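Structure first, commentary second.
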Amino acid sequence: MKSSVSEDLGCRRGDFSRKHYGSVELLISSDADGAIQRAGRFRVENGSSDENATALPGTWRRTDVHLENPEYHTRWYFKYFLGQVHQNYIGNDAEKSPFFLSVTLSDQNYQRVPQYRAILWRKTGTQKICLPYSPTKTHSVKSILSAMNLDKFEKGPREIFHPEIQKDLLVLEEQEGSVNFKFGVLFAKDGQLTDDEMFSNEIGSDAFQKFLHLLGDTITLKGWTGYRGGLDTKNDTTGIHSVYTVYQGHEIMFHVSTMLPYSKENKQQVERKRHIGNDIVTIVFEEGEEPTPAFKPSMIRSHFTHIFALVRYDQQNDNYRLKIFSEESVPLFGPPLPSPPVFTDHQEFRDFLLVKLINGEKATLETPTFAQKRRRTLDMLIRSLYQDLMPDLHKNMLNRRSFSDVLPESPKSARKKEEARQAEFVRIGQALKLKSIVRGGAPSGLAASGIFKKEPWEPQCFCSNFPHEAVCADPWGQALLVSTDAGVLLVDDDLPSVPVFDRTLPVKQMHVLEALDLLILRADKGKDARLFVFRLSAVQKSIEEKQVVKSKCDCRENKLEKTKGCHLYAINTHHSRELRIVVAIRNKLLLITRKHKPSTGTSISLLSPLLESPVEEFQYIREICLSDSPVVMTLVDGPAEESDNLICVAYRHQFDVVNESTGEAFRLHHVEANRVNFVAAIDVYEDGDAGLLLCYNYSCIYKKVCPFNGGSFLVQPSASDFQFCWNQAPYAIVCAFPYLLAFTTDSMEIRLVVNGNLVHTSVVPQLQLVASRSDIYFTATAAVHEVSSGGSSKGTSAHNSPQTPPGRDTPVFPSSLGEGEIQSKNLYKIPLRNLVGRSIERPLKSPLVSKVITPPTSIGLGIAAIPVTHSLSLSRMEIKEIASRTRRELLGLSDEGGPKPERAPKAKSKARKRLESQGVTKPGTVRSTSSDRITSDSLESPSTSEANPEGHYHSTSSEQDPVADREGSPGWSNSPFQLTASSDEDIIDLK
């Protein structure tokens with residue numbers, strides 16, 4: 001059954017709105033004669049928001065800029081297969097449609113973490129997955145196809161031995177889209193209303209020339225050997241010069257209207273429209289400083305252009321204003337515009353604009369118009385390739401062979417022949433790879449540019465050399481309560497671990513509810529599983545007085561009635577008036593609530609007198625019977641405060657939702673797969689309406705739940721619904737808006753909540769998530785000398801190999817031990833505020849500290865009261881208010897002048913302060929690098945988001961929290977992540 005981590009996933013929900021990505025409007029314009037132009041429906045992004053809303057104190061403004069679905073993650077065949085030993089298979093599915101399968105055993109970003117990668121080409125598109133490697137377990141082609149939900153096919157797929165197949169498969173992969181881009185740049189004078197007028201501008205203004213210089217370099221077309229974007233590089237028929245740049249491995253050629261051929265006789269400037277009109281994305285630079293530009297997409301007569309980026313330059317304030325128009329069918333893409341959409345930092349504006357345009361073109365390729373054409377082309381290519389290979393099916397192919405048998409055992413004579421075939425196979429693949437790089441058809445990661453910034457998912461080392469196996473955990477103040485094989489421990493990075501319960505109480509789930517002074521535990525050992533509740537203040541008192549560590553026998557009075565045999569429980573994450581607990585005992589659900597406490601004086605006491613047992617605070621409500629035992633369970637709040645609440649359960653091959661009041665179950669989603677591994681059901685609230693992210697196997701599906709009606713509800717398809725597949729099957733998912741983090745045994749895959757697009761994959765060998773209700777905590781294996789050195793990671797990184805660019809030291813987190821190395825576990829932390837972009841109010845004191853903060857409304861119980869914190873228990877009105885504020889934060893609005901919460905910095909020793917003042921950081925803290933960053937400590941300095949007096953947006957590289965990032969600026973060593981760009985590793989050894 002799932003541990004507390006899986007249950008905790010529902011607690012990392014987010015209140016968000018897609019509105020900050022723009023709203024769809026019907027746009028109409030008129031020409032110079034007043035005639036109405038064609039109308040079109042476009043999503044308009046202008047960074048607007050509710051100006052009257054007040055900003056949440058303690059927030060910081062940020063718009064994260066990420067390339068979505070980067071090519072070095074999507075072009076797998078080029079990166080991981082081409083020029084390497086791999087196997088290719090051909091077969092027919094149950095509908096007799098041909099398919100191709102490629103499988104290879106590769107290293108995860110060269111960090112000594114072997115894994116299998118597989119690509120399945122079908123007429124409906126390509127599918128990619130990773131499978132964990134085990135030296136004792138081999139995989140068959142059938143098992144790989146089953147993992148891709150292809151269980152029925154004709155006969156057995158056969159292997160293709162001919163090396164030329166690599167060229168054909170490379171062509172199939174190119175149907176995903178180009179790695180290089182061509183964008184139109186149209187200069188429009190103030191007051192121009194038609195495309196004929198705009199395209200007839202012979203020269204641009206000084207501001208336009210300054211903008212072109214910001215975009216890229218002016219190059220001479222004749223003799224140009226790089227990516228040309230359809231321009232003539234031999235005879236100057238498309239102009240003499242153009243603008244070109246490289247951004248994060250992507251070559252970009254701009255079709256500039258004033259640089260394309262101009263004809264006085266041709267009023268429509270067909271030669272210019274031939275290029276810019278056939279670009280998916282066009283930048284319109286409009287002269288003038290009007291705050292509300294008059295441009296409409298309907299002014300440009302093009303059926304091909306789907307995205308317009310309207311740019312205006314304010315010469316007086318030296319800033320740029322941006323507005324984005326996207327055709328209605330284009331899926332959501334980021335980054336969202338800040339509010340106001342004004343950029344005072346020109347380099348930052350360039351980065352934002354280029355990322356927005358690249359993401360926009362990729363999103364456009366998923367529209368029905370382009371997707372259908374691409375699938376027709378892919379289907380035609382697959383069928384044509386299949387027909388070409390038909391005569392060799394029996395001649396040069398084997399019917400049965402496990403893909404893991406790269407070098408099958410055979411007589412020596414045959415083995416030599418196989419080795420010679422593989423050598424020829426690799427040689428041809430490397431030649432194809434080199435040819436593709438030379439002609440500009442591959443990411444050129446070594447020539448990249450971008451901003452230097454700290455990624456929000458970078459971790460800190462919370463506890464070095466953690467000696468135990470962690471089962472589950474939950475934060476308590478600034479400390480962490482961890483269930484281990486040695487019992488339950490209270491861990492703080494500055495103090496020794498303190499035992500709280502011994503190993504006789506095997507805790508599998510836990511919740512620390514500081515605002516309610518409650519600790520909830522599920523101890524599970526066979527049939528004797530129980531739910532226990534404790535007072536945090538009582539537990540803290542026993543720690544302070546150094547009492548004997550409690551055993552299972554000492555906790556008899558803390559057992560909740562009727563919970564014997566429970567294998568899972570869930571609590572409501574935003575309990576408004578009462579705490580709800582749903583306990584699963586086989587196929588039965590027990591609903592238990594916490595009794596209301598009467599108010600005393602002017603304030604409501606959240607604590608009961610300690611003389612009353614915490615068990616007596618809870619009351620049994622009802623029992624609900626299911627058709628099977630649930631594996632995943634999540635509570636969803638209904639629209640009313642005390643009714644219409646839901647329980648989402650997963651069992652068999654389906655997700656159901658159960659009404660808490662009536663016990664009636666409704667089918668939410670049925671899984672069409674032979675084997676189902678349920679991962680999580682995460683409640684996400686969009687504009688106040690409930691939705692669920694259903695995660696199982698490799699899939700993640702978003703379902704929006706419609707309002708309730710008379711005790712029932714409907715789950716119907718919505719325009720906001722989407723689904724995607726993870727590259728590797730996760731065992732846990734964490735939602736920290738705007739990110740989804742998927743945890744596997746050796747990697748962390750990071751995607752966006754709004755569209756499921758991938759933004760990064762981090763390799764973290766032997767990764768185990770232990771807590772995720774607030775900050776995210778996980779363990780990973782490290783080499784002891786790497787932790788203790790506290791210096792450069794050069795000592796643990798591999799020597800320069802054919803796959804590692806010389807002269808570049810890449811931080812490596814080893815997963816396999818070298819000679820004389822001893823492995824240990826480190827406990828890492830990703831602060832939630834770094835991910836969601838705002839501070840989370842939490843106690844500053846650790847429970848291990850003897851002195852506690854006395855709350856303003858002390859109850860006078862005769863003992864030290866626990867610290868008062870801002871409760872996470874919110875009413876639905878408060879949830880909606882926070883959702884509105886969150887939207888403002890994501891738009892970049894904040895009340896800089898508002899009151900900020902007081903923060904008491906944690907006490908540190910004088911020696912430690914002295915070291916920090918000298919720039920020496922704790923050895924355990926971590927920092928990562930990226931492909932377009934200079935890996936030098938001298939270039940990294942913490943900075944904060946700022947707003948100039950006019951309120952214009954001015955974002956920065958990172959945000960330092962004196963509370964969440966207590967260790968100051970993280971160091972470069974000991975990072976469990978491999979954050980160097982994967983494209984940098986495509987170095988070919990032609991020996």
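We label chains A, B, ... in the order they appear in the structure tokens, count residues from 1 in each chain, and number ligands from 1 in the order shown.
The strand (DSSP E) portion of range 172-227 of chain A consists of Phe181, Lys182, Phe183, Gly184, Val185, Leu186, Phe187, Ala188, Asp217, Thr218, Ile219 and Thr220 of chain A, with states taken from DSSP on the backbone.
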Problem set entry | Among listed residues A:Leu101, A:Leu193, A:Leu389, A:Leu332, nearest Glu45 in chain A (using only C-alpha atoms) |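 Using only C-alpha atoms, the shortest distance to Glu45 in chain A belongs to A:Leu332.
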Exercise. Nearest to Pro765 in chain A among A:Gln115, A:Asn558, A:Ser464, A:Gln175, with distances taken over only C-alpha atoms: which residue is it?
Worked result: A:Gln115
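Separating CA of Pro114 in chain A from CA of Lys137 in chain A is a distance of 13.3 Å.
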For this session: Can you work out the spacing between CA of Thr779 in chain A and CA of Arg112 in chain A in Å, to one decimal?
Result: 18.1 Å
Which neighbours of Gly83 in chain A fall inside 6 Å, counting only C-alpha atoms, when residues of the same chain fewer than 3 positions from it are skipped, and could you give them as an mmCIF file with C-alpha atoms, in the first residue's frame?
```cif
data_model
loop_
_atom_site.group_PDB
_atom_site.id
_atom_site.type_symbol
_atom_site.label_atom_id
_atom_site.label_comp_id
_atom_site.auth_asym_id
_atom_site.auth_seq_id
_atom_site.Cartn_x
_atom_site.Cartn_y
_atom_site.Cartn_z
ATOM 1 C CA VAL A 426 27.818 2.374 -35.035
ATOM 2 C CA GLY A 429 25.205 6.076 -37.182
ATOM 3 C CA GLN A 430 28.026 8.394 -36.121
#
```
Exercise. Skipping near chain neighbours, those fewer than 2 positions away, what residues fall within 10 Å of Lys267 in chain A using only C-alpha atoms, listed as a list in words?
Worked result: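 Listed by chain and then number, they are Asp196, Glu197, Phe199, Ser200, Tyr262, Ser263, Lys264, Glu265, Gln269 and Val270 of chain A.
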The selected residues should be written to file as a compact mmCIF listing (two decimals), in the first residue's frame (atoms: N, CA and C atoms).
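So out_20.txt came out as:
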```
# COMPACT_ATOMS: atom_id res chain seq x y z
N ASP A 196 -0.54 45.89 -46.18
CA ASP A 196 0.14 46.51 -47.32
C ASP A 196 0.96 47.71 -46.87
N GLU A 197 0.42 48.50 -45.95
CA GLU A 197 1.15 49.65 -45.45
C GLU A 197 2.38 49.21 -44.65
N PHE A 199 4.08 46.31 -44.76
CA PHE A 199 5.11 45.66 -45.58
C PHE A 199 5.79 46.64 -46.54
N SER A 200 5.19 47.83 -46.74
CA SER A 200 5.77 48.81 -47.66
C SER A 200 6.76 49.75 -46.98
N TYR A 262 12.51 44.94 -51.55
CA TYR A 262 11.43 45.93 -51.63
C TYR A 262 11.18 46.28 -53.09
N SER A 263 9.90 46.37 -53.46
CA SER A 263 9.54 46.71 -54.84
C SER A 263 8.57 47.90 -54.82
N LYS A 264 8.96 48.98 -55.54
CA LYS A 264 8.09 50.14 -55.60
C LYS A 264 6.85 49.86 -56.44
N GLU A 265 7.00 48.99 -57.44
CA GLU A 265 5.88 48.70 -58.33
C GLU A 265 4.85 47.78 -57.67
N GLN A 269 3.92 43.96 -51.90
CA GLN A 269 5.22 43.45 -51.46
C GLN A 269 5.18 41.92 -51.27
N VAL A 270 4.86 41.23 -52.36
CA VAL A 270 4.66 39.78 -52.33
C VAL A 270 5.92 39.06 -51.84
```
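In terms of minimum interatomic distance to Ser661 in chain A, A:Ile647 ranks closest within A:Gln84, A:Ile647, A:Ser146, A:Gly91, counting only C-alpha atoms.
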Problem set entry | Per-residue DSSP, range 425-502 of chain A, filtered to alpha helix (DSSP H), as an NGL selection string | :A and (425-438)
Exercise. Leaving out Ala309 in chain A and any residue of its chain fewer than 5 positions from it, which residues lie within 12 Å of it when counting only C-alpha atoms, given as an MDAnalysis selection string?
Worked result: chainID A and resid 43:46 183:187 280:286 293 295:297 321:327 337 352:354 356:358 360:361
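The space between CA of Leu513 in chain A and CA of Asn572 in chain A spans 11.5 Å.
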Exercise. Could you name the residues that touch Gly47 in chain A at 9 Å or less, counting only C-alpha atoms, but leaving out those on the same chain fewer than 4 positions away, as number ranges by chain?
Worked result: A: 20-22, 322-323, 336-341, 891-892
For this session: Compile the contact shell of Ser497 in chain A as a ChimeraX atom specification: residues with an atom at most 12 Å away, counting only C-alpha atoms, same-chain residues fewer than 6 positions apart removed.
Result: /A:463-468,479-484,486-491,543,846-848
Restricting it to N, CA and C atoms, dump the selection as a tab-separated table (two decimals), in the first residue's frame.
```tsv
chain	number	residue	atom	x	y	z
A	463	CYS	N	20.30	17.56	5.79
A	463	CYS	CA	21.01	16.76	6.78
A	463	CYS	C	21.99	15.85	6.06
A	464	SER	N	23.27	16.00	6.35
A	464	SER	CA	24.29	15.17	5.72
A	464	SER	C	24.44	13.86	6.46
A	465	ASN	N	24.83	12.84	5.71
A	465	ASN	CA	25.12	11.53	6.30
A	465	ASN	C	23.96	11.01	7.15
A	466	PHE	N	22.77	11.05	6.57
A	466	PHE	CA	21.61	10.54	7.29
A	466	PHE	C	21.71	9.02	7.34
A	467	PRO	N	21.83	8.42	8.54
A	467	PRO	CA	22.21	7.00	8.63
A	467	PRO	C	21.05	6.02	8.54
A	468	HIS	N	19.81	6.49	8.36
A	468	HIS	CA	18.66	5.59	8.44
A	468	HIS	C	17.91	5.54	7.11
A	479	ALA	N	12.13	21.90	11.76
A	479	ALA	CA	12.68	20.56	11.86
A	479	ALA	C	11.82	19.60	11.03
A	480	LEU	N	12.21	18.34	11.03
A	480	LEU	CA	11.51	17.33	10.25
A	480	LEU	C	11.31	16.11	11.13
A	481	LEU	N	10.06	15.68	11.26
A	481	LEU	CA	9.74	14.47	12.00
A	481	LEU	C	9.77	13.31	11.01
A	482	VAL	N	10.69	12.38	11.19
A	482	VAL	CA	10.96	11.33	10.20
A	482	VAL	C	10.73	9.96	10.81
A	483	SER	N	9.97	9.13	10.12
A	483	SER	CA	9.83	7.73	10.49
A	483	SER	C	10.90	6.93	9.77
A	484	THR	N	11.72	6.21	10.55
A	484	THR	CA	12.83	5.45	9.99
A	484	THR	C	12.78	4.01	10.47
A	486	ALA	N	14.74	2.90	12.51
A	486	ALA	CA	15.14	2.93	13.91
A	486	ALA	C	14.10	3.61	14.79
A	487	GLY	N	12.93	3.92	14.24
A	487	GLY	CA	11.90	4.62	14.98
A	487	GLY	C	11.65	5.99	14.40
A	488	VAL	N	10.86	6.79	15.11
A	488	VAL	CA	10.53	8.14	14.66
A	488	VAL	C	11.51	9.12	15.30
A	489	LEU	N	12.17	9.92	14.43
A	489	LEU	CA	13.20	10.85	14.89
A	489	LEU	C	12.82	12.28	14.52
A	490	LEU	N	13.24	13.21	15.36
A	490	LEU	CA	13.10	14.63	15.04
A	490	LEU	C	14.46	15.12	14.57
A	491	VAL	N	14.51	15.56	13.30
A	491	VAL	CA	15.79	15.87	12.66
A	491	VAL	C	15.86	17.36	12.37
A	543	ILE	N	10.08	15.83	24.87
A	543	ILE	CA	11.40	16.04	24.27
A	543	ILE	C	12.23	16.98	25.14
A	846	SER	N	12.64	25.62	15.97
A	846	SER	CA	12.57	24.17	15.90
A	846	SER	C	12.02	23.63	17.20
A	847	PRO	N	11.26	22.52	17.17
A	847	PRO	CA	10.81	21.91	18.42
A	847	PRO	C	11.96	21.45	19.30
A	848	LEU	N	13.16	21.34	18.71
A	848	LEU	CA	14.31	20.92	19.50
A	848	LEU	C	14.84	22.03	20.39
```
